[in-house]
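Colleague: Below is the structure I would like to discuss, written out as structure tokens.
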Amino acid sequence: MRQYLETCENAARAGGQVLLDWQGKIKAREKGPKDLVTEADLASQEVIQKTLLSVFPDHRFVGEEDEHGEEDHESLQNGFCWICDPLDGTTNYVHQLPNFCVSIALRHDDQLLVGVVFDPVSNECFSAVSGEGAFLNGQSIRVSDCTEMPKALVAVSLPPQVKRDAPEVQKFLDVLISSQALRRLGSAALNLSYLAAGRLDGYWATDTKIWDVAAGVLLVREAGGEVSSSRGGPFRLGAPGLLAASTGELHQALTALVTSNGDD
């Protein structure tokens, strides 16, 4: 496990450095920002994949920038597979908002073994190993002991375009009114990392991909938190939504709010 973790951290840091190097080029206007971000994504994923597979050449790899990423997810469920988001928080990245990261997880069959989320701006490296706990820059972290919605700081990830009458809007308002405060920070991986570190108490998302949350889910679980589907049932890697909380009581309360206006 130690070699898996060390290699994962090295790959995440290498990818993060690429993002920092490319971010300055976003100011250039000879290409559109979307094109430049795509190049940054691809460059980050390339160095991550090279770092991982140079040590573990027999492992499989699926990343956000793969042409058939979703199909790969379905076909790579057996054996060792690295799951990578080379840039989570793209909109923040484009706007030079320092809330983006690299997210990498290692899965064996249907079990998550290792997860790393690296924020290159703050140089914070969140890591977890199955059965061994969660860490921030090598120091053990744990979820908060919050059990009540009025005391909870909650984050949410919503689709980029949400209509006024969408169920997500009503759920957003319900949680906003019931919680101490609600945040939409723009990175699923960092939201889960912050929950694992006790900075957030709850988090839900209606539309996520496997590479958005694989590492973060392991972090939350290893830090003592609870993770389910966005409907409150068992979490399935690759399903479109999730709900996480620091304690069972808070998880139950948040689930009741999020599922009270229909399924996601």
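We label chains A, B, ... in the order they appear in the structure tokens, count residues from 1 in each chain, and number ligands from 1 in the order shown.
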May I have the residues within 9 Å of range 9-26 of chain A as a compact mmCIF listing (two decimals) with C-alpha atoms, in the first residue's frame, using only C-alpha atoms and disregarding those fewer than 3 positions away in the same chain?

Modeller:
# COMPACT_ATOMS: atom_id res chain seq x y z
CA TYR A 4 0.75 2.85 -4.15
CA LEU A 5 0.31 5.93 -1.96
CA GLU A 6 3.75 7.38 -2.64
CA ARG A 29 -5.86 35.30 -26.01
CA LYS A 31 -6.71 30.76 -28.19
CA GLY A 32 -10.00 30.71 -26.36
CA PRO A 33 -9.89 29.90 -22.62
CA LYS A 34 -11.73 26.62 -23.22
CA LEU A 36 -6.26 26.37 -23.23
CA VAL A 37 -7.96 24.60 -20.34
CA GLU A 39 -4.59 21.61 -23.17
CA ALA A 40 -3.92 22.05 -19.45
CA ASP A 41 -6.19 19.09 -18.67
CA ALA A 43 -0.98 17.93 -20.16
CA SER A 44 -1.77 17.25 -16.51
CA GLN A 45 -3.34 13.88 -17.27
CA GLU A 46 -0.41 12.90 -19.49
CA VAL A 47 2.18 13.45 -16.76
CA ILE A 48 -0.05 11.74 -14.17
CA GLN A 49 -0.58 8.69 -16.35
CA LYS A 50 3.11 8.47 -17.19
CA THR A 51 4.10 8.71 -13.52
CA LEU A 52 1.65 6.01 -12.43
CA PRO A 86 -6.41 15.97 -13.82
CA LEU A 87 -8.32 19.20 -13.11
CA TYR A 93 -9.27 27.50 -12.69
CA VAL A 94 -10.30 29.60 -15.70
CA HIS A 95 -11.21 32.53 -13.45
CA GLN A 96 -7.98 32.25 -11.43
CA CYS A 101 -7.19 20.29 -7.62
CA VAL A 102 -5.94 17.00 -8.97
CA SER A 103 -7.79 13.88 -7.83
CA ILE A 104 -6.43 10.32 -8.17
CA GLY A 115 -6.98 8.21 -2.75
CA VAL A 116 -5.12 11.52 -3.14
CA VAL A 117 -6.51 15.01 -3.68
CA PHE A 118 -3.85 17.67 -4.22
CA ASP A 119 -4.46 21.42 -4.16
CA PRO A 120 -1.40 22.92 -5.90
CA VAL A 121 -2.18 26.50 -4.83
CA ASN A 123 0.14 22.84 -1.37
CA CYS A 125 -2.20 17.01 -0.13
CA SER A 127 -4.56 11.27 1.21

Colleague: Excluding Ser229 in chain A and its own-chain neighbours fewer than 3 positions away, which residues fall within 6 Å of it when counting only C-alpha atoms? Please give them as a short mmCIF file (atom, residue, chain, number, x, y, z; two decimals) with C-alpha atoms, in the first residue's frame.

Modeller:
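Output saved as out26.cif:
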data_model
loop_
_atom_site.label_atom_id
_atom_site.label_comp_id
_atom_site.auth_asym_id
_atom_site.auth_seq_id
_atom_site.Cartn_x
_atom_site.Cartn_y
_atom_site.Cartn_z
CA GLY A 232 -29.73 8.12 0.77
CA GLY A 233 -29.22 4.54 -0.43
CA PRO A 234 -25.87 2.74 -0.78
CA PHE A 235 -23.21 4.68 -2.66
CA GLY A 241 -24.83 11.62 -7.26
CA LEU A 242 -23.74 11.30 -3.66
CA LEU A 243 -24.42 12.60 -0.18
#

Colleague: So that I can see what lies close to Ile177 in chain A, please list as a list of chain:residue names the residues with an atom at most 12 Å from it, counting only C-alpha atoms and leaving out residues fewer than 5 positions away in the same chain.

Modeller: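 Within the cut-off, the hits are A:Met149, A:Pro150, A:Lys151, A:Ala152, A:Leu153, A:Val154, A:Gln170, A:Lys171, A:Phe172, A:Leu182, A:Leu257.
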
Colleague: What's the 6 Å shell around Gly225 in chain A, counting only C-alpha atoms, without same-chain residues fewer than 6 positions away, as an mmCIF file with N, CA and C atoms, in the first residue's frame?

Modeller:
data_model
loop_
_atom_site.group_PDB
_atom_site.id
_atom_site.type_symbol
_atom_site.label_atom_id
_atom_site.label_comp_id
_atom_site.auth_asym_id
_atom_site.auth_seq_id
_atom_site.Cartn_x
_atom_site.Cartn_y
_atom_site.Cartn_z
ATOM 1 N N ALA A 245 -21.725 13.116 4.966
ATOM 2 C CA ALA A 245 -21.840 13.903 6.193
ATOM 3 C C ALA A 245 -20.872 13.368 7.234
ATOM 4 N N SER A 246 -20.612 14.212 8.215
ATOM 5 C CA SER A 246 -19.614 13.860 9.230
ATOM 6 C C SER A 246 -20.105 12.816 10.206
ATOM 7 N N THR A 247 -21.412 12.802 10.497
ATOM 8 C CA THR A 247 -21.964 11.866 11.475
ATOM 9 C C THR A 247 -23.238 11.224 10.922
#

Colleague: So that I can check the surroundings of Glu64 in chain A, please list as a list in words every protein, DNA and RNA residue that reaches within 10 Å of it, counting only C-alpha atoms and ignoring chain neighbours fewer than 5 positions away.

Modeller: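 Residues near the query, excluding close chain neighbours: Asp41, Leu42, Gln45, Gly69, Glu70, Ile83, Cys84, Asp85, Pro86, Leu87, Asp88, Lys209, Ile210, Trp211 and Asp212 of chain A.
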
Colleague: Can you pull out every residue within 10 Å of range 133-148 of chain A, counting only C-alpha atoms, but drop anything in the same chain fewer than 5 positions away, and send it as an MDAnalysis selection string?

Modeller: chainID A and resid 114:118 123:128 153 178:180 193:202 218:226 245:254

Colleague: Among range 23-244 of chain A, which residues carry a DSSP assignment of alpha helix (DSSP H), reported as number ranges by chain?

Modeller: A: 23, 33-55, 69-75, 90-94, 167-178, 188-196, 210-222

Colleague: Would you please work out which residue, of A:Asp110, A:Asp66, A:Glu168, A:Glu132, is nearest to Ala205 in chain A when using only C-alpha atoms?

Modeller: A:Glu168

Colleague: What gap, in Å, lies between CA of Leu173 in chain A and CA of Trp204 in chain A?

Modeller: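 Going from CA of Leu173 in chain A over to CA of Trp204 in chain A covers 13.5 Å.
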
Colleague: How many Å lie between CA of Tyr203 in chain A and CA of Arg2 in chain A, rounded to one decimal?

Modeller: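 Value for the CA of Tyr203 in chain A-CA of Arg2 in chain A distance: 29.2 Å.
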
Colleague: Neighbours of Ala189 in chain A within 6 Å (only C-alpha atoms; same-chain residues fewer than 3 positions away dropped), as a list in words?

Modeller: Leu192, Asp212, Val213 and Gly216 of chain A

Colleague: Selection from above, N, CA and C atoms, as a tab-separated table (two decimals), in the first residue's frame, can you write it?

Modeller:
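Saved result, selection27.tsv, follows:
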chain	number	residue	atom	x	y	z
A	192	LEU	N	-15.19	17.05	-0.68
A	192	LEU	CA	-15.07	15.81	0.09
A	192	LEU	C	-13.82	15.83	0.97
A	212	ASP	N	-14.51	12.45	-10.37
A	212	ASP	CA	-14.74	13.59	-9.47
A	212	ASP	C	-14.65	13.18	-8.00
A	213	VAL	N	-15.09	11.96	-7.69
A	213	VAL	CA	-15.37	11.62	-6.29
A	213	VAL	C	-14.65	10.39	-5.74
A	216	GLY	N	-12.11	11.28	-3.04
A	216	GLY	CA	-12.77	11.96	-1.94
A	216	GLY	C	-13.65	11.06	-1.11
